[in-house]
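One file, data.csv, carrying CSV, C-alpha atoms:
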chain,number,residue,atom,x,y,z
A,134,MET,CA,-8.6,31.9,20.9
A,135,ALA,CA,-10.0,29.9,18.0
A,136,ARG,CA,-8.6,26.7,19.5
A,137,ALA,CA,-10.2,27.4,22.8
A,138,ALA,CA,-13.6,27.9,21.1
A,139,MET,CA,-13.1,24.6,19.2
A,140,ALA,CA,-12.3,22.7,22.4
A,141,HIS,CA,-15.3,24.3,24.0
A,142,THR,CA,-17.7,23.2,21.1
A,143,GLN,CA,-16.3,19.7,21.4
A,144,ALA,CA,-16.9,19.5,25.1
A,145,THR,CA,-20.5,20.6,24.6
A,146,PHE,CA,-21.4,18.3,21.7
A,147,PRO,CA,-19.6,15.0,21.8
A,148,ARG,CA,-19.1,13.4,18.4
A,149,GLN,CA,-21.5,10.7,17.6
A,150,ALA,CA,-20.3,7.2,16.5
A,151,GLY,CA,-21.5,4.9,13.7
A,152,TRP,CA,-23.8,5.8,10.9
A,153,ARG,CA,-25.3,8.8,12.8
A,154,GLY,CA,-21.8,10.1,13.3
A,155,LEU,CA,-21.1,9.6,9.5
A,156,ILE,CA,-24.1,11.7,8.6
A,157,ALA,CA,-23.4,14.3,11.4
A,158,ASP,CA,-19.8,14.7,10.1
A,159,TRP,CA,-20.8,15.2,6.5
A,160,SER,CA,-23.7,17.5,7.2
A,161,SER,CA,-21.9,19.5,9.9
A,162,ASP,CA,-21.3,22.5,7.6
A,163,GLN,CA,-17.7,22.3,8.8
A,164,ARG,CA,-14.8,20.1,7.9
A,165,ALA,CA,-16.2,16.6,7.1
A,166,PHE,CA,-13.2,14.7,8.3
A,167,LYS,CA,-13.1,15.3,12.0
A,168,GLY,CA,-9.9,14.5,13.9
A,169,VAL,CA,-7.9,14.4,10.7
A,170,SER,CA,-5.7,17.3,9.5
A,171,TRP,CA,-6.1,18.6,6.0
A,172,GLY,CA,-2.6,17.2,5.2
A,173,LYS,CA,-3.7,13.7,6.1
A,174,ALA,CA,-7.1,13.9,4.4
A,175,MET,CA,-5.4,15.1,1.2
A,176,MET,CA,-2.9,12.3,1.3
A,177,TRP,CA,-5.8,9.8,1.6
A,178,VAL,CA,-7.6,11.5,-1.3
A,179,PHE,CA,-4.4,11.3,-3.4
A,180,LEU,CA,-3.9,7.6,-2.4
A,181,LEU,CA,-7.5,6.9,-3.5
A,182,SER,CA,-6.8,8.4,-6.9
A,183,ASP,CA,-3.6,6.4,-7.1
A,184,THR,CA,-5.7,3.3,-6.3
A,185,PHE,CA,-7.7,4.0,-9.4
A,186,VAL,CA,-4.4,4.3,-11.5
A,187,PHE,CA,-3.1,1.0,-10.3
A,188,GLY,CA,-6.6,-0.5,-10.5
A,189,CYS,CA,-6.8,0.4,-14.2
A,190,PHE,CA,-3.4,-1.1,-14.8
A,191,LEU,CA,-4.3,-4.4,-13.1
A,192,LEU,CA,-7.7,-4.4,-14.9
A,193,SER,CA,-6.1,-4.0,-18.3
A,194,TYR,CA,-3.7,-6.8,-17.4
A,195,MET,CA,-6.6,-9.0,-16.4
A,196,THR,CA,-8.5,-8.1,-19.6
A,197,ALA,CA,-5.4,-8.9,-21.8
A,198,ARG,CA,-4.7,-12.1,-20.0
A,199,MET,CA,-8.3,-13.3,-20.1
A,200,SER,CA,-8.9,-12.5,-23.7
A,201,THR,CA,-5.6,-13.7,-25.3
A,202,VAL,CA,-5.7,-16.9,-27.3
A,203,GLU,CA,-2.0,-17.6,-26.6
A,204,PRO,CA,-0.9,-19.2,-23.3
A,205,TRP,CA,0.3,-16.8,-20.6
A,206,PRO,CA,4.0,-17.2,-19.6
A,207,ASN,CA,4.2,-19.0,-16.2
A,208,PRO,CA,5.5,-16.4,-13.8
A,209,SER,CA,6.6,-19.1,-11.4
A,210,GLU,CA,9.2,-20.2,-14.0
A,211,VAL,CA,9.9,-16.7,-15.6
A,212,PHE,CA,10.9,-15.3,-12.2
A,213,ALA,CA,12.8,-18.3,-10.9
A,214,LEU,CA,16.4,-18.0,-10.0
A,215,THR,CA,19.1,-20.6,-9.9
A,216,ILE,CA,20.8,-20.5,-6.6
A,217,GLY,CA,23.5,-23.0,-5.7
A,218,GLY,CA,22.6,-25.2,-8.7
A,219,THR,CA,18.9,-25.6,-7.8
A,220,GLU,CA,16.1,-23.6,-9.5
A,221,ILE,CA,13.9,-21.9,-6.9
A,222,PRO,CA,10.6,-20.7,-8.3
A,223,LEU,CA,9.7,-17.0,-7.9
A,224,ILE,CA,12.4,-16.6,-5.2
A,225,LEU,CA,13.5,-13.1,-6.3
A,226,ILE,CA,9.9,-11.8,-6.0
A,227,ALA,CA,9.5,-13.5,-2.6
A,228,ILE,CA,12.6,-11.7,-1.3
A,229,MET,CA,11.4,-8.4,-2.7
A,230,THR,CA,8.1,-8.9,-0.9
A,231,PHE,CA,9.8,-9.5,2.4
A,232,VAL,CA,12.1,-6.5,1.9
A,233,LEU,CA,9.0,-4.3,1.3
A,234,ILE,CA,7.1,-5.8,4.3
A,235,THR,CA,10.1,-5.2,6.5
A,236,SER,CA,10.3,-1.5,5.3
A,237,SER,CA,6.6,-1.2,6.2
A,238,GLY,CA,7.3,-2.3,9.7
A,239,THR,CA,10.2,0.1,10.2
A,240,MET,CA,8.0,2.9,8.8
A,241,ALA,CA,5.2,2.1,11.3
A,242,MET,CA,7.7,2.2,14.1
A,243,ALA,CA,9.1,5.5,12.8
A,244,VAL,CA,5.6,7.1,12.9
A,245,ASN,CA,5.2,5.8,16.5
A,246,PHE,CA,8.5,7.3,17.6
A,247,ALA,CA,7.8,10.5,15.8
A,248,TYR,CA,4.7,11.1,17.9
A,249,ARG,CA,6.8,10.4,21.0
A,250,ARG,CA,9.1,13.1,19.7
A,251,ASP,CA,12.0,10.7,19.7
A,252,ARG,CA,14.0,12.4,17.0
A,253,ARG,CA,16.9,10.0,16.8
A,254,ARG,CA,15.0,6.8,16.6
A,255,THR,CA,12.5,8.3,14.1
A,256,ALA,CA,15.2,9.5,11.8
A,257,ILE,CA,17.1,6.1,12.0
A,258,LEU,CA,14.0,4.1,11.3
A,259,MET,CA,13.1,6.4,8.4
A,260,LEU,CA,16.5,6.0,7.0
A,261,ALA,CA,16.2,2.2,7.4
A,262,THR,CA,12.9,2.3,5.5
A,263,ALA,CA,14.5,4.3,2.7
A,264,LEU,CA,17.4,1.9,2.5
A,265,LEU,CA,15.1,-1.1,2.3
A,266,GLY,CA,13.1,0.8,-0.4
A,267,ALA,CA,16.2,1.4,-2.3
A,268,THR,CA,17.1,-2.3,-2.0
A,269,PHE,CA,13.7,-3.1,-3.4
A,270,VAL,CA,14.3,-0.8,-6.4
A,271,GLY,CA,17.7,-2.3,-6.9
A,272,MET,CA,16.3,-5.8,-7.0
A,273,GLN,CA,13.7,-4.7,-9.5
A,274,ALA,CA,16.4,-3.2,-11.7
A,275,PHE,CA,18.1,-6.6,-11.6
A,276,GLU,CA,14.8,-8.3,-12.5
A,277,TRP,CA,14.2,-6.0,-15.4
A,278,THR,CA,17.8,-6.5,-16.7
A,279,LYS,CA,17.4,-10.3,-16.5
A,280,LEU,CA,14.1,-10.3,-18.3
A,281,ILE,CA,15.3,-7.9,-21.0
A,282,GLN,CA,18.4,-10.1,-21.6
A,283,GLU,CA,16.1,-13.1,-21.9
A,284,GLY,CA,14.2,-11.3,-24.7
A,285,VAL,CA,11.2,-9.8,-23.0
A,286,ARG,CA,9.9,-6.7,-24.8
A,287,PRO,CA,6.7,-4.8,-24.4
A,288,TRP,CA,5.6,-6.3,-27.8
A,289,GLY,CA,6.7,-9.9,-27.3
A,290,ASN,CA,8.6,-12.5,-25.3
A,291,PRO,CA,9.9,-16.0,-26.0
A,292,TRP,CA,7.3,-17.9,-23.9
A,293,GLY,CA,3.8,-16.9,-25.0
A,294,ALA,CA,1.3,-14.1,-25.0
A,295,PRO,CA,3.0,-10.9,-26.2
A,296,GLN,CA,1.0,-8.8,-23.8
A,297,PHE,CA,3.1,-10.2,-20.9
A,298,GLY,CA,5.9,-7.8,-21.5
A,299,ALA,CA,3.7,-4.7,-21.8
A,300,THR,CA,1.8,-5.4,-18.6
A,301,PHE,CA,4.9,-6.4,-16.7
A,302,PHE,CA,6.9,-3.3,-17.6
A,303,MET,CA,3.9,-1.0,-17.1
A,304,ILE,CA,2.8,-2.3,-13.7
A,305,THR,CA,6.1,-3.0,-12.1
A,306,GLY,CA,7.6,0.1,-13.6
A,307,PHE,CA,4.9,2.4,-12.2
A,308,HIS,CA,5.2,0.7,-8.8
A,309,GLY,CA,9.0,1.0,-8.9
A,310,THR,CA,8.6,4.7,-9.7
A,311,HIS,CA,6.4,5.1,-6.6
A,312,VAL,CA,8.9,3.4,-4.4
A,313,THR,CA,11.7,5.6,-5.8
A,314,ILE,CA,9.6,8.8,-5.1
A,315,GLY,CA,8.8,7.4,-1.6
A,316,VAL,CA,12.6,6.9,-0.9
A,317,ILE,CA,13.3,10.5,-1.9
A,318,PHE,CA,10.3,11.7,0.2
A,319,LEU,CA,11.6,9.7,3.2
A,320,LEU,CA,15.1,11.0,3.0
A,321,ILE,CA,13.8,14.6,2.9
A,322,ILE,CA,11.6,14.2,5.9
A,323,ALA,CA,14.2,12.1,7.8
A,324,ARG,CA,16.7,15.0,7.4
A,325,LYS,CA,14.1,17.4,8.8
A,326,VAL,CA,13.4,15.2,11.8
A,327,TRP,CA,17.1,14.7,12.4
A,328,ARG,CA,17.7,18.5,12.4
A,329,GLY,CA,14.8,19.0,14.8
A,330,ASP,CA,12.8,21.2,12.4
A,331,PHE,CA,9.6,20.1,13.9
A,332,ASP,CA,10.7,20.8,17.5
A,333,ARG,CA,11.9,24.3,16.6
A,334,GLY,CA,9.0,25.1,14.3
A,335,ALA,CA,11.4,25.8,11.4
A,336,LYS,CA,9.8,27.0,8.2
A,337,GLY,CA,9.6,24.5,5.4
A,338,PHE,CA,11.1,25.2,1.9
A,339,PHE,CA,7.9,24.6,-0.1
A,340,THR,CA,5.0,26.0,1.8
A,341,SER,CA,7.1,28.2,4.2
A,342,ARG,CA,4.9,27.0,7.0
A,343,SER,CA,6.4,25.3,10.0
A,344,GLY,CA,5.8,21.5,9.9
A,345,ARG,CA,4.7,19.1,12.6
A,346,TYR,CA,5.6,15.5,13.4
A,347,GLU,CA,2.4,14.5,11.7
A,348,ILE,CA,4.3,14.7,8.3
A,349,VAL,CA,6.0,11.5,9.4
A,350,GLU,CA,2.6,9.8,9.6
A,351,ILE,CA,1.6,11.3,6.2
A,352,THR,CA,4.8,10.0,4.6
A,353,GLY,CA,4.1,6.7,6.3
A,354,LEU,CA,0.6,6.6,4.7
A,355,TYR,CA,2.3,6.9,1.3
A,356,TRP,CA,4.8,4.3,2.1
A,357,HIS,CA,2.3,1.8,3.4
A,358,PHE,CA,0.2,2.4,0.2
A,359,VAL,CA,3.2,1.5,-1.9
A,360,ASP,CA,3.5,-1.8,0.1
A,361,LEU,CA,-0.3,-2.3,-0.3
A,362,VAL,CA,-0.1,-2.0,-4.1
A,363,TRP,CA,2.7,-4.6,-4.0
A,364,VAL,CA,0.4,-7.0,-2.1
A,365,PHE,CA,-2.0,-6.8,-5.1
A,366,ILE,CA,0.7,-7.0,-7.8
A,367,PHE,CA,2.3,-9.9,-6.0
A,368,ALA,CA,-1.1,-11.8,-5.8
A,369,PHE,CA,-2.4,-11.0,-9.3
A,370,PHE,CA,0.7,-10.7,-11.5
A,371,TYR,CA,3.2,-13.0,-9.9
A,372,LEU,CA,1.1,-15.7,-8.2
A,373,TRP,CA,-2.0,-16.0,-10.3
B,83,MET,CA,-9.6,-4.5,22.9
B,84,ALA,CA,-9.7,-1.9,20.1
B,85,ARG,CA,-11.6,0.5,22.3
B,86,ALA,CA,-9.1,0.1,25.1
B,87,SER,CA,-6.2,0.9,22.7
B,88,VAL,CA,-8.0,3.9,21.3
B,89,ALA,CA,-8.5,5.3,24.8
B,90,ASN,CA,-5.0,4.5,25.6
B,91,GLY,CA,-3.8,6.2,22.4
B,92,MET,CA,-5.8,9.3,23.2
B,93,ALA,CA,-4.4,9.5,26.7
B,94,ASN,CA,-0.9,9.2,25.2
B,95,GLU,CA,-1.7,12.0,22.8
B,96,VAL,CA,-2.8,14.3,25.5
B,97,ALA,CA,0.3,13.4,27.5
B,98,ALA,CA,2.5,14.1,24.5
B,99,GLY,CA,0.8,17.5,24.1
B,100,VAL,CA,-0.2,16.7,20.5
B,101,SER,CA,-3.7,17.8,21.1
B,102,ASP,CA,-4.6,21.1,19.6
B,103,GLY,CA,-8.3,21.4,20.2
B,104,HIS,CA,-9.2,18.5,17.9
B,105,VAL,CA,-7.2,15.4,18.6
B,106,GLU,CA,-4.9,14.6,15.7
B,107,GLY,CA,-2.2,12.0,15.4
B,108,GLN,CA,-2.0,8.4,16.3
B,109,GLN,CA,-0.3,6.7,19.2
B,110,HIS,CA,-0.6,3.0,19.9
B,111,PRO,CA,1.6,0.6,21.8
B,112,ILE,CA,4.7,-0.7,19.9
B,113,ARG,CA,3.6,-4.2,20.6
B,114,LEU,CA,0.6,-3.9,18.3
B,115,TYR,CA,2.9,-2.9,15.3
B,116,LEU,CA,5.2,-5.8,16.0
B,117,VAL,CA,2.4,-8.3,16.1
B,118,VAL,CA,1.0,-7.0,12.8
B,119,TRP,CA,4.4,-7.0,11.3
B,120,GLY,CA,4.9,-10.7,12.3
B,121,TRP,CA,1.5,-11.6,10.8
B,122,LEU,CA,2.5,-9.8,7.5
B,123,PHE,CA,5.6,-12.0,7.4
B,124,ILE,CA,3.6,-15.2,8.1
B,125,LEU,CA,1.0,-14.3,5.5
B,126,SER,CA,3.6,-13.4,2.9
B,127,ALA,CA,5.4,-16.7,3.6
B,128,CYS,CA,2.0,-18.5,3.2
B,129,SER,CA,1.3,-16.9,-0.2
B,130,TYR,CA,4.8,-17.8,-1.4
B,131,ALA,CA,4.2,-21.3,-0.2
B,132,VAL,CA,1.1,-21.5,-2.5
B,133,ASP,CA,3.5,-21.1,-5.4
B,134,TYR,CA,6.4,-23.1,-4.0
B,135,PHE,CA,4.3,-26.2,-3.5
B,136,GLN,CA,2.4,-25.6,-6.7
B,137,VAL,CA,-1.1,-25.6,-5.3
B,138,GLN,CA,-3.3,-25.4,-8.4
B,139,GLY,CA,-6.9,-24.8,-9.4
B,140,TYR,CA,-9.6,-23.1,-7.4
B,141,LEU,CA,-7.7,-23.8,-4.1
B,142,ARG,CA,-4.8,-21.8,-5.4
B,143,TRP,CA,-6.9,-18.8,-6.4
B,144,PHE,CA,-8.8,-18.9,-3.1
B,145,LEU,CA,-5.6,-19.0,-1.1
B,146,ILE,CA,-4.0,-16.2,-3.1
B,147,LEU,CA,-7.0,-14.0,-2.6
B,148,LEU,CA,-7.4,-14.9,1.1
B,149,PHE,CA,-3.8,-14.0,2.0
B,150,MET,CA,-4.0,-10.9,-0.2
B,151,VAL,CA,-7.1,-9.6,1.5
B,152,LEU,CA,-5.7,-10.4,5.0
B,153,LYS,CA,-2.4,-8.6,4.3
B,154,ALA,CA,-4.1,-5.6,2.7
B,155,GLY,CA,-6.6,-5.4,5.6
B,156,LEU,CA,-3.8,-5.4,8.2
B,157,ILE,CA,-1.8,-2.8,6.4
B,158,VAL,CA,-4.8,-0.4,5.9
B,159,ALA,CA,-6.4,-1.0,9.3
B,160,VAL,CA,-3.3,-0.9,11.6
B,161,PHE,CA,-0.3,0.5,9.7
B,162,MET,CA,-2.4,3.2,8.0
B,163,HIS,CA,-4.5,3.6,11.2
B,164,MET,CA,-7.8,3.3,9.3
B,165,ALA,CA,-9.2,1.3,12.2
B,166,TRP,CA,-9.1,4.4,14.4
B,167,GLU,CA,-10.5,6.9,12.0
B,168,ARG,CA,-14.1,8.1,11.9
B,169,LEU,CA,-16.5,6.4,9.5
B,170,ALA,CA,-16.8,9.6,7.4
B,171,LEU,CA,-13.2,9.2,6.3
B,172,VAL,CA,-13.3,5.4,6.2
B,173,TYR,CA,-16.2,5.2,3.8
B,174,ALA,CA,-15.0,8.2,1.7
B,175,ILE,CA,-11.8,6.4,1.0
B,176,LEU,CA,-12.7,2.7,1.0
B,177,LEU,CA,-16.1,2.7,-0.8
B,178,PRO,CA,-14.8,4.2,-4.1
B,179,GLY,CA,-11.9,1.7,-4.0
B,180,ILE,CA,-14.3,-1.2,-3.6
B,181,MET,CA,-16.4,0.2,-6.4
B,182,VAL,CA,-13.5,-0.8,-8.7
B,183,LEU,CA,-15.0,-4.4,-8.4
B,184,VAL,CA,-17.9,-3.3,-10.6
B,185,PHE,CA,-15.3,-2.4,-13.2
B,186,VAL,CA,-13.7,-5.7,-12.8
B,187,ALA,CA,-17.0,-7.5,-13.4
B,188,LEU,CA,-17.6,-5.5,-16.6
B,189,MET,CA,-14.1,-6.3,-17.9
B,190,VAL,CA,-14.5,-10.0,-17.1
B,191,LEU,CA,-17.6,-10.1,-19.3
B,192,GLU,CA,-15.9,-8.0,-22.0
B,193,SER,CA,-12.8,-10.1,-22.1
B,194,ASP,CA,-14.8,-13.3,-22.3
B,195,TYR,CA,-16.6,-11.9,-25.2
B,196,THR,CA,-13.4,-10.8,-26.9
B,197,LEU,CA,-11.9,-14.3,-26.4
B,198,ALA,CA,-15.1,-15.9,-27.9
B,199,THR,CA,-14.9,-13.7,-31.0
B,200,ARG,CA,-11.2,-14.3,-31.4
B,201,VAL,CA,-11.7,-18.1,-31.2
B,202,THR,CA,-14.8,-18.0,-33.5
B,203,TYR,CA,-13.7,-15.6,-36.2
B,204,LEU,CA,-9.9,-15.7,-36.2
B,205,GLY,CA,-9.8,-19.5,-35.9
B,206,THR,CA,-7.0,-19.3,-33.3
B,207,GLY,CA,-6.6,-20.9,-30.0
B,208,SER,CA,-8.1,-24.2,-29.0
Would you mind writing the file's structure down as structure tokens?
Amino acid sequence: MARAAMAHTQATFPRQAGWRGLIADWSSDQRAFKGVSWGKAMMWVFLLSDTFVFGCFLLSYMTARMSTVEPWPNPSEVFALTIGGTEIPLILIAIMTFVLITSSGTMAMAVNFAYRRDRRRTAILMLATALLGATFVGMQAFEWTKLIQEGVRPWGNPWGAPQFGATFFMITGFHGTHVTIGVIFLLIIARKVWRGDFDRGAKGFFTSRSGRYEIVEITGLYWHFVDLVWVFIFAFFYLW
Amino acid sequence: MARASVANGMANEVAAGVSDGHVEGQQHPIRLYLVVWGWLFILSACSYAVDYFQVQGYLRWFLILLFMVLKAGLIVAVFMHMAWERLALVYAILLPGIMVLVFVALMVLESDYTLATRVTYLGTGS
């Protein structure tokens, strides 16, 4: 009944585009985000707040690096690995970047197949995404171990400005935590997709509402955001 | 191009029965994702090349920022489907994020000042 009324309203008043549409949406005395479910809108709002968190981390890193009188350790050398006798600069971080980009691709495909209601492919692609995410976290654990063994601490390191350790552990640690949470999130949703919860309208454990395939896209939003943050960390922390 | 794919996406949604009064959900051709995926690989390789070939100075910073912005733009626009959302959501999410740049400008001034005082009064650095 309500749905029919909604469809009717839409048919009568087509939505405007551009700036007029923006004003019309916000002043409509209804939901401001047309065509976006509350779940998706809330995920976007959460991601915006997370943007501020990571923004503050990167900003404090910038402030520390710009105001220190000691030279900043060269990340190109710090994160180099010796493979087969030759030292390759920053190679571990490059591999991690490619792993994360690959996982973003598999996630995008999973979202696509979810809306086609292709349960098997969606679940497999989500599991692949989770596996790549876990690989990323594993490589990060290796990186941390290596740096800690070389004497990097939050209060100092052998190569220069002591703030290097603090910013490194804080930024990559927080990002790694996000990836880990994303992997857990992915596994839970993949299991639901695999079981066909969204086809049968099974009740969820948390809200006791029946879910929809849209949750795959919402999970995807989170996952792409984690990749997005890495793009900025890679540029500012590792390459700068 | 973008419009055609939007129309195409909507048609797919209706066909898939996703529509429930207001159209929700995103459906685009797989090819689009593969192309963007490919570009993300190329851009990542480019930004790694900046470090590998030890490009220095302003060119290095320019290239790092260029590849970063392109990658971020592709992820947000296509993978996160921002290109197909209405402006009400796009501006609500992107504008506050861009406002962080004001904070960046403030902290650049602040850290320059901190460095100047450290060099002047602590007699450290060069």
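Of the listed residues B:Val137, B:Met162, B:Val151, B:Ala174, the one whose atoms come nearest to chain A is B:Met162, with distances taken using all atoms listed in the file.
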Leu145 of chain B surroundings by all atoms listed in the file, 12 Å radius, close-in-sequence under 2 positions cut, as an MDAnalysis selection string = (chainID A and resid 368:369 372:373) or (chainID B and resid 125:126 128:133 136:143 147:152)
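Here atom CA of Ala247 of chain A is placed at a distance of 17.7 Å from atom CA of Val316 of chain A.
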Give me the segment 162-244 of chain A side of the contact with segment 351-357 of chain A, cut-off 8 Å, one line per residue showing its nearest atom pair and distance in Å at one decimal, counting all atoms listed in the file, sorted by chain and residue number, as CSV.
residue,atom,partner,partner_atom,distance
A:Gly172,CA,A:Ile351,CA,7.3
A:Lys173,CA,A:Ile351,CA,5.8
A:Met176,CA,A:Ile351,CA,6.7
A:Trp177,CA,A:Leu354,CA,7.8
A:Leu180,CA,A:Tyr355,CA,7.3
A:Ser237,CA,A:His357,CA,5.9
A:Met240,CA,A:Gly353,CA,6.0
A:Ala241,CA,A:Gly353,CA,6.9
A:Val244,CA,A:Gly353,CA,6.8
Using 8 Å as the limit and counting only C-alpha atoms, can you tabulate each residue of chain B that touches chain A, with its shortest atom-to-atom distance in Å and the two atoms involved, as a Markdown table?
| residue | atom | partner | partner_atom | distance |
| --- | --- | --- | --- | --- |
| B:Ala98 | CA | A:Arg249 | CA | 6.7 |
| B:Val100 | CA | A:Tyr248 | CA | 7.9 |
| B:Asp102 | CA | A:Arg136 | CA | 6.9 |
| B:Gly103 | CA | A:Ala140 | CA | 4.7 |
| B:His104 | CA | A:Gly168 | CA | 5.7 |
| B:Val105 | CA | A:Gly168 | CA | 5.5 |
| B:Glu106 | CA | A:Gly168 | CA | 5.3 |
| B:Gly107 | CA | A:Glu347 | CA | 6.4 |
| B:Gln108 | CA | A:Tyr248 | CA | 7.4 |
| B:Gln109 | CA | A:Asn245 | CA | 6.2 |
| B:His110 | CA | A:Asn245 | CA | 7.3 |
| B:Ile112 | CA | A:Met242 | CA | 7.1 |
| B:Tyr115 | CA | A:Ala241 | CA | 6.8 |
| B:Leu116 | CA | A:Gly238 | CA | 7.5 |
| B:Trp119 | CA | A:Gly238 | CA | 5.7 |
| B:Leu122 | CA | A:Ile234 | CA | 6.9 |
| B:Phe123 | CA | A:Phe231 | CA | 7.0 |
| B:Ser126 | CA | A:Phe231 | CA | 7.3 |
| B:Ser129 | CA | A:Ala368 | CA | 7.9 |
| B:Tyr130 | CA | A:Ala227 | CA | 6.5 |
| B:Asp133 | CA | A:Leu372 | CA | 6.5 |
| B:Tyr134 | CA | A:Pro222 | CA | 6.5 |
| B:Trp143 | CA | A:Trp373 | CA | 6.9 |
| B:Ile146 | CA | A:Ala368 | CA | 5.9 |
| B:Leu147 | CA | A:Ala368 | CA | 7.1 |
| B:Met150 | CA | A:Val364 | CA | 6.2 |
| B:Lys153 | CA | A:Val364 | CA | 7.2 |
| B:Ala154 | CA | A:Leu361 | CA | 5.9 |
| B:Ile157 | CA | A:His357 | CA | 6.9 |
| B:Val158 | CA | A:His357 | CA | 7.8 |
| B:Phe161 | CA | A:Ala241 | CA | 5.9 |
| B:Met162 | CA | A:Leu354 | CA | 5.6 |
| B:Glu167 | CA | A:Gly168 | CA | 7.9 |
| B:Arg168 | CA | A:Lys167 | CA | 7.3 |
| B:Leu169 | CA | A:Leu155 | CA | 5.6 |
| B:Ala170 | CA | A:Leu155 | CA | 4.8 |
| B:Leu171 | CA | A:Phe166 | CA | 5.9 |
| B:Ile175 | CA | A:Leu181 | CA | 6.2 |
| B:Pro178 | CA | A:Leu181 | CA | 7.8 |
| B:Gly179 | CA | A:Thr184 | CA | 6.8 |
| B:Val182 | CA | A:Gly188 | CA | 7.1 |
| B:Val186 | CA | A:Leu192 | CA | 6.5 |
| B:Met189 | CA | A:Thr196 | CA | 6.1 |
| B:Val190 | CA | A:Thr196 | CA | 6.8 |
| B:Glu192 | CA | A:Thr196 | CA | 7.8 |
| B:Ser193 | CA | A:Ser200 | CA | 4.9 |
| B:Asp194 | CA | A:Ser200 | CA | 6.1 |
| B:Tyr195 | CA | A:Ser200 | CA | 7.9 |
| B:Thr196 | CA | A:Ser200 | CA | 5.8 |
| B:Leu197 | CA | A:Ser200 | CA | 4.4 |
| B:Arg200 | CA | A:Val202 | CA | 7.3 |
| B:Val201 | CA | A:Val202 | CA | 7.3 |
| B:Thr206 | CA | A:Val202 | CA | 6.6 |
| B:Gly207 | CA | A:Val202 | CA | 4.9 |
| B:Ser208 | CA | A:Val202 | CA | 7.9 |
Could you please determine the separation between atom CA of Gln163 of chain A and atom CA of Pro147 of chain A in Å, to one decimal place?
-> 15.0 Å
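Put simply, atom CA of Asp162 of chain A is 23.5 Å away from atom CA of Met164 of chain B.
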Select all residues near (11.9, 3.4, 7.3) (cut-off 7 Å, inclusive, file coordinates), counting all atoms listed in the file, and output them as a compact mmCIF listing (two decimals) with C-alpha atoms, keeping the file's coordinate frame.
# COMPACT_ATOMS: atom_id res chain seq x y z
CA SER A 236 10.30 -1.50 5.30
CA THR A 239 10.20 0.10 10.20
CA MET A 240 8.00 2.90 8.80
CA ALA A 243 9.10 5.50 12.80
CA LEU A 258 14.00 4.10 11.30
CA MET A 259 13.10 6.40 8.40
CA LEU A 260 16.50 6.00 7.00
CA ALA A 261 16.20 2.20 7.40
CA THR A 262 12.90 2.30 5.50
CA ALA A 263 14.50 4.30 2.70
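Restricting the calculation to all atoms listed in the file, the smallest distance between Trp292 of chain A and any of A:Thr219, A:Asn207, A:Thr268, A:Thr255 is found for A:Asn207.
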